[in-house]
$ cat upload36.txt   # compact mmCIF, C-alpha atoms
# COMPACT_ATOMS: atom_id res chain seq x y z
CA MET A 1 7.57 0.76 -23.32
CA ASP A 2 10.15 -0.77 -25.58
CA ALA A 3 9.78 -4.40 -24.42
CA SER A 4 7.56 -7.18 -25.71
CA PHE A 5 5.55 -8.65 -22.85
CA PRO A 6 3.20 -11.64 -22.69
CA PRO A 7 -0.52 -10.79 -22.35
CA SER A 8 -0.85 -12.95 -19.22
CA ALA A 9 1.43 -13.97 -16.39
CA PRO A 10 3.84 -16.69 -17.57
CA SER A 11 4.08 -19.90 -15.52
CA ALA A 12 7.64 -18.96 -14.51
CA ALA A 13 6.16 -15.96 -12.67
CA GLY A 14 4.88 -18.25 -9.90
CA CYS A 15 1.23 -17.18 -10.09
CA ALA A 16 -0.85 -19.82 -11.85
CA GLY A 17 -4.37 -18.69 -12.60
CA ARG A 18 -6.37 -16.17 -14.62
CA THR A 19 -4.73 -12.82 -15.31
CA LEU A 20 -7.14 -10.09 -14.24
CA ASP A 21 -5.14 -7.05 -15.27
CA HIS A 22 -1.64 -5.79 -15.93
CA ARG A 23 0.28 -2.52 -16.02
CA ASP A 24 3.54 -1.71 -17.76
CA ILE A 25 5.89 0.38 -15.66
CA ARG A 26 9.41 1.72 -15.96
CA HIS A 27 11.36 0.19 -13.07
CA PRO A 28 14.26 2.49 -12.05
CA ASP A 29 16.81 -0.38 -12.06
CA LEU A 30 15.32 -3.03 -14.35
CA GLY A 31 13.76 -0.90 -17.09
CA PRO A 32 10.41 -1.99 -18.57
CA VAL A 33 8.44 -4.33 -16.28
CA ARG A 34 4.91 -5.71 -16.62
CA VAL A 35 3.04 -6.21 -13.34
CA PHE A 36 0.19 -8.77 -13.36
CA LEU A 37 -2.77 -9.29 -11.03
CA VAL A 38 -3.78 -12.95 -11.00
CA ARG A 39 -6.80 -14.82 -9.66
CA ARG A 40 -5.74 -18.27 -8.57
CA PRO A 41 -7.95 -21.35 -9.05
CA ALA A 42 -10.61 -21.75 -6.35
CA SER A 43 -8.77 -24.76 -4.92
CA GLU A 44 -5.64 -22.70 -4.17
CA GLN A 45 -5.03 -20.38 -1.25
CA PRO A 46 -4.27 -17.57 -1.00
CA ALA A 47 -6.69 -16.66 -3.77
CA GLY A 48 -4.72 -13.86 -5.44
CA CYS A 49 -1.24 -13.07 -6.58
CA VAL A 50 0.72 -10.07 -7.84
CA THR A 51 3.71 -10.86 -10.04
CA ALA A 52 5.91 -9.17 -12.59
CA VAL A 53 8.28 -9.90 -15.45
CA THR A 54 11.10 -7.78 -16.83
CA GLY A 55 11.50 -6.82 -20.47
CA SER A 56 14.05 -9.64 -20.80
CA GLY A 57 11.47 -12.15 -19.52
CA ARG A 58 12.86 -12.64 -16.00
CA ALA A 59 10.12 -13.34 -13.46
CA LEU A 60 10.26 -11.35 -10.23
CA THR A 61 9.26 -12.72 -6.83
CA PRO A 62 5.44 -12.90 -6.59
CA VAL A 63 3.34 -11.51 -3.74
CA GLU A 64 0.52 -13.78 -2.59
CA VAL A 65 -2.59 -12.05 -1.30
CA ASP A 66 -5.86 -13.27 0.16
CA THR A 67 -8.83 -11.82 -1.69
CA ASN A 68 -12.58 -12.29 -1.52
CA TRP A 69 -13.73 -12.86 -5.09
CA THR A 70 -17.39 -12.34 -4.18
CA MET A 71 -16.57 -8.64 -3.89
CA GLU A 72 -16.12 -6.50 -6.98
CA GLY A 73 -12.62 -5.12 -7.33
CA ALA A 74 -11.12 -7.54 -4.80
CA LEU A 75 -7.69 -7.10 -6.45
CA ARG A 76 -7.00 -4.04 -8.59
CA PHE A 77 -4.46 -1.39 -9.44
CA ALA A 78 -4.80 2.12 -8.09
CA ALA A 79 -5.50 4.69 -10.81
CA PRO A 80 -2.83 5.57 -11.76
CA ALA A 81 -0.87 2.47 -10.72
CA THR A 82 2.34 4.40 -9.98
CA ASP A 83 3.16 7.79 -8.59
CA SER A 84 6.24 10.02 -8.73
CA THR A 85 8.06 7.73 -6.25
CA ARG A 86 7.84 4.95 -8.89
CA ASN A 87 6.15 2.74 -6.30
CA VAL A 88 3.28 0.59 -7.64
CA PHE A 89 -0.05 0.60 -5.77
CA VAL A 90 -2.47 -2.34 -5.67
CA THR A 91 -5.62 -2.56 -3.58
CA TYR A 92 -6.90 -5.86 -2.24
CA ASN A 93 -9.87 -6.95 -0.15
CA PRO A 94 -9.75 -10.17 1.85
CA GLY A 95 -13.36 -9.83 2.95
CA ARG A 96 -14.24 -6.76 4.96
CA TYR A 97 -12.02 -3.76 4.27
CA ASP A 98 -9.69 -2.78 1.46
CA GLY A 99 -5.96 -2.90 1.90
CA VAL A 100 -3.08 -1.36 -0.04
CA LEU A 101 0.00 -3.22 -1.26
CA VAL A 102 2.91 -1.03 -2.29
CA LEU A 103 5.50 -2.54 -4.61
CA VAL A 104 8.68 -0.62 -3.82
CA PRO A 105 11.38 -0.97 -6.50
CA THR A 106 14.74 -2.46 -5.45
CA ALA A 107 17.84 -3.25 -7.50
CA ASP A 108 16.59 -6.79 -8.19
CA GLY A 109 12.80 -6.38 -8.22
CA PHE A 110 10.51 -5.17 -5.45
CA ALA A 111 10.97 -5.02 -1.68
CA ASP A 112 9.47 -7.72 0.50
CA ILE A 113 5.93 -6.66 1.48
CA GLY A 114 6.69 -7.78 5.02
CA TRP A 115 3.97 -10.35 5.61
CA ARG A 116 5.05 -13.04 8.04
CA SER A 117 1.87 -15.13 8.13
CA ALA A 118 -1.60 -15.48 6.61
CA ASP A 119 -2.98 -13.25 9.39
CA ASP A 120 -0.92 -10.40 7.99
CA TYR A 121 -3.47 -9.96 5.16
CA TYR A 122 -5.56 -8.36 7.90
CA SER A 123 -2.87 -6.83 10.10
CA GLY A 124 -0.51 -5.63 7.38
CA GLY A 125 3.21 -5.66 6.81
CA ARG A 126 5.95 -3.17 6.03
CA TYR A 127 4.47 -2.27 2.62
CA ALA A 128 1.01 -3.74 3.10
CA PHE A 129 -1.71 -1.80 4.86
CA TYR A 130 -5.03 -3.42 5.75
CA TYR A 131 -8.10 -1.16 6.19
CA ALA A 132 -6.44 1.49 4.05
CA ARG A 133 -6.74 3.32 0.75
CA PRO A 134 -4.38 5.27 -1.49
CA VAL A 135 -5.21 8.96 -1.87
CA GLY A 136 -3.86 11.10 -4.68
CA PRO A 137 -1.50 11.50 -6.28
CA GLY A 138 -1.29 14.94 -4.73
CA GLU A 139 0.39 18.10 -5.99
CA ASP A 140 3.78 16.50 -5.24
CA GLY A 141 2.87 13.60 -7.54
CA GLU A 142 2.82 11.12 -4.65
CA TYR A 143 0.11 8.96 -3.15
CA ALA A 144 -0.61 9.18 0.55
CA ILE A 145 -2.12 6.17 2.29
CA VAL A 146 -5.04 6.76 4.64
CA HIS A 147 -4.87 3.93 7.17
CA SER A 148 -7.84 3.32 9.45
CA ILE A 149 -7.17 1.79 12.85
CA LYS A 150 -9.98 0.13 14.76
CA GLY A 151 -9.69 0.46 18.52
CA CYS A 152 -10.81 -2.33 20.82
CA ASP A 153 -11.79 -0.35 23.91
CA PRO A 154 -14.17 -1.30 25.46
CA SER A 155 -14.39 -4.04 22.80
CA CYS A 156 -13.43 -4.36 19.16
CA ALA A 157 -17.10 -4.15 18.16
CA GLU A 158 -17.56 -0.89 20.10
CA GLY A 159 -14.12 0.67 19.67
CA ALA A 160 -13.60 3.91 17.82
CA THR A 161 -11.91 4.05 14.41
CA SER A 162 -9.13 6.55 13.91
CA LYS A 163 -7.39 7.47 10.67
CA VAL A 164 -3.74 8.20 10.08
CA THR A 165 -2.23 9.55 6.87
CA LEU A 166 1.02 7.89 5.83
CA ARG A 167 3.50 9.47 3.43
CA TRP A 168 6.61 8.12 1.71
CA ASP A 169 9.92 9.32 3.18
CA GLY A 170 12.10 7.51 0.64
CA ARG A 171 12.24 4.27 2.66
CA ASP A 172 8.92 3.82 4.48
CA TYR A 173 5.38 5.08 4.77
CA LEU A 174 5.25 7.09 7.99
CA PRO A 175 2.51 9.09 9.75
CA THR A 176 2.42 12.77 8.92
CA GLY A 177 2.55 15.30 11.73

$ encode --input "upload36.txt" --output "structure tokens"
Amino acid sequence: MDASFPPSAPSAAGCAGRTLDHRDIRHPDLGPVRVFLVRRPASEQPAGCVTAVTGSGRALTPVEVDTNWTMEGALRFAAPATDSTRNVFVTYNPGRYDGVLVLVPTADGFADIGWRSADDYYSGGRYAFYYARPVGPGEDGEYAIVHSIKGCDPSCAEGATSKVTLRWDGRDYLPTG
């Protein structure tokens, strides 16, 4: 990367707390970008945050995420963090199952994850998948997302769990045939 980035998330990035990790990526529209994973102070909720700054120092819109810090790896990058789509993959765990956040590049930063409320940490959003994991990258250089869905028949405790594999179609992650 040809930009000089700070070692931790700057206050302008909207994620006060301890920087856990960062990755430098090449954003298709903004050039060099550093993405930070931040653990917020215990008094703040939600407990985690994903934010980024451009090579020119402009802070991008942060993504707040509930995480359970008693679990190891509660907020981490996938390895590798990006795939051939240039999307960035972050796993999070709010307490029971892992989820996957996908930062999808847009002309001015990253697409809205699609969370509408705090409950969405568990139910997901457009680019957030609870009870899921990234798989790959495969031969095509892309991650797939394996999303588990817990049925509630006859009850949620007794319901079967099914898995669906989601693949990027250039706009969304959709089930494969």

$ residues_around --input "upload36.txt" --residues "Arg34 of chain A" --least-positions-apart "3" --cutoff "6 Å" --atoms "all atoms listed in the file" --output "JSON, numbers by chain"
{"A": [23, 24, 52, 53]}

$ residues_near_point --input "upload36.txt" --point "(-7.5, -4.5, -10.2)" --cutoff "8 Å" --atoms "all atoms listed in the file" --output "list in words"
Leu20, Asp21, Leu37, Gly73, Ala74, Leu75, Arg76, Phe77, Ala78, Val90 and Thr91 of chain A

$ write_last_selection --input "upload36.txt" --atoms "C-alpha atoms" --output "PDB file, keeping the file's coordinate frame"
ATOM      1  CA  LEU A  20      -7.140 -10.090 -14.240  1.00  0.00           C
ATOM      2  CA  ASP A  21      -5.140  -7.050 -15.270  1.00  0.00           C
ATOM      3  CA  LEU A  37      -2.770  -9.290 -11.030  1.00  0.00           C
ATOM      4  CA  GLY A  73     -12.620  -5.120  -7.330  1.00  0.00           C
ATOM      5  CA  ALA A  74     -11.120  -7.540  -4.800  1.00  0.00           C
ATOM      6  CA  LEU A  75      -7.690  -7.100  -6.450  1.00  0.00           C
ATOM      7  CA  ARG A  76      -7.000  -4.040  -8.590  1.00  0.00           C
ATOM      8  CA  PHE A  77      -4.460  -1.390  -9.440  1.00  0.00           C
ATOM      9  CA  ALA A  78      -4.800   2.120  -8.090  1.00  0.00           C
ATOM     10  CA  VAL A  90      -2.470  -2.340  -5.670  1.00  0.00           C
ATOM     11  CA  THR A  91      -5.620  -2.560  -3.580  1.00  0.00           C
TER      12      THR A  91
END

$ atom_distance --input "upload36.txt" --atom1 "atom CA of Val33 of chain A" --atom2 "atom CA of Phe5 of chain A"
8.4 Å

$ atom_distance --input "upload36.txt" --atom1 "atom CA of Ala132 of chain A" --atom2 "atom CA of Gly99 of chain A"
4.9 Å

$ residues_around --input "upload36.txt" --residues "segment 57-62 of chain A" --least-positions-apart "3" --cutoff "8 Å" --atoms "all atoms listed in the file" --output "PDB file with C-alpha atoms, in the coordinates of the input"
ATOM      1  CA  PHE A   5       5.550  -8.650 -22.850  1.00  0.00           C
ATOM      2  CA  ALA A  12       7.640 -18.960 -14.510  1.00  0.00           C
ATOM      3  CA  ALA A  13       6.160 -15.960 -12.670  1.00  0.00           C
ATOM      4  CA  GLY A  14       4.880 -18.250  -9.900  1.00  0.00           C
ATOM      5  CA  CYS A  15       1.230 -17.180 -10.090  1.00  0.00           C
ATOM      6  CA  CYS A  49      -1.240 -13.070  -6.580  1.00  0.00           C
ATOM      7  CA  VAL A  50       0.720 -10.070  -7.840  1.00  0.00           C
ATOM      8  CA  THR A  51       3.710 -10.860 -10.040  1.00  0.00           C
ATOM      9  CA  ALA A  52       5.910  -9.170 -12.590  1.00  0.00           C
ATOM     10  CA  VAL A  53       8.280  -9.900 -15.450  1.00  0.00           C
ATOM     11  CA  THR A  54      11.100  -7.780 -16.830  1.00  0.00           C
ATOM     12  CA  GLY A 109      12.800  -6.380  -8.220  1.00  0.00           C
ATOM     13  CA  PHE A 110      10.510  -5.170  -5.450  1.00  0.00           C
TER      14      PHE A 110
END

$ closest_residue --input "upload36.txt" --among "A:Ala9, A:Gly31, A:His22, A:Thr165" --to "Ala107 of chain A" --atoms "only C-alpha atoms"
A:Gly31

$ residues_around --input "upload36.txt" --residues "Phe89 of chain A" --least-positions-apart "2" --cutoff "7 Å" --atoms "all atoms listed in the file" --output "list in words"
Phe77, Ala78, Ala81, Thr82, Asn87, Thr91, Val100, Leu101, Val102 and Leu103 of chain A

$ atom_distance --input "upload36.txt" --atom1 "atom CA of Gly95 of chain A" --atom2 "atom CA of Asp66 of chain A"
8.7 Å

$ closest_residue --input "upload36.txt" --among "A:Val135, A:Cys152, A:Val104, A:Ala79" --to "Arg171 of chain A" --atoms "all atoms listed in the file"
A:Val104

$ residues_around --input "upload36.txt" --residues "Asp98 of chain A" --least-positions-apart "5" --cutoff "6 Å" --atoms "all atoms listed in the file" --output "ChimeraX atom specification"
/A:92-93,131-132

$ closest_residue --input "upload36.txt" --among "A:Asp172, A:Val164, A:Pro154, A:Asn68" --to "Arg133 of chain A" --atoms "only C-alpha atoms"
A:Val164
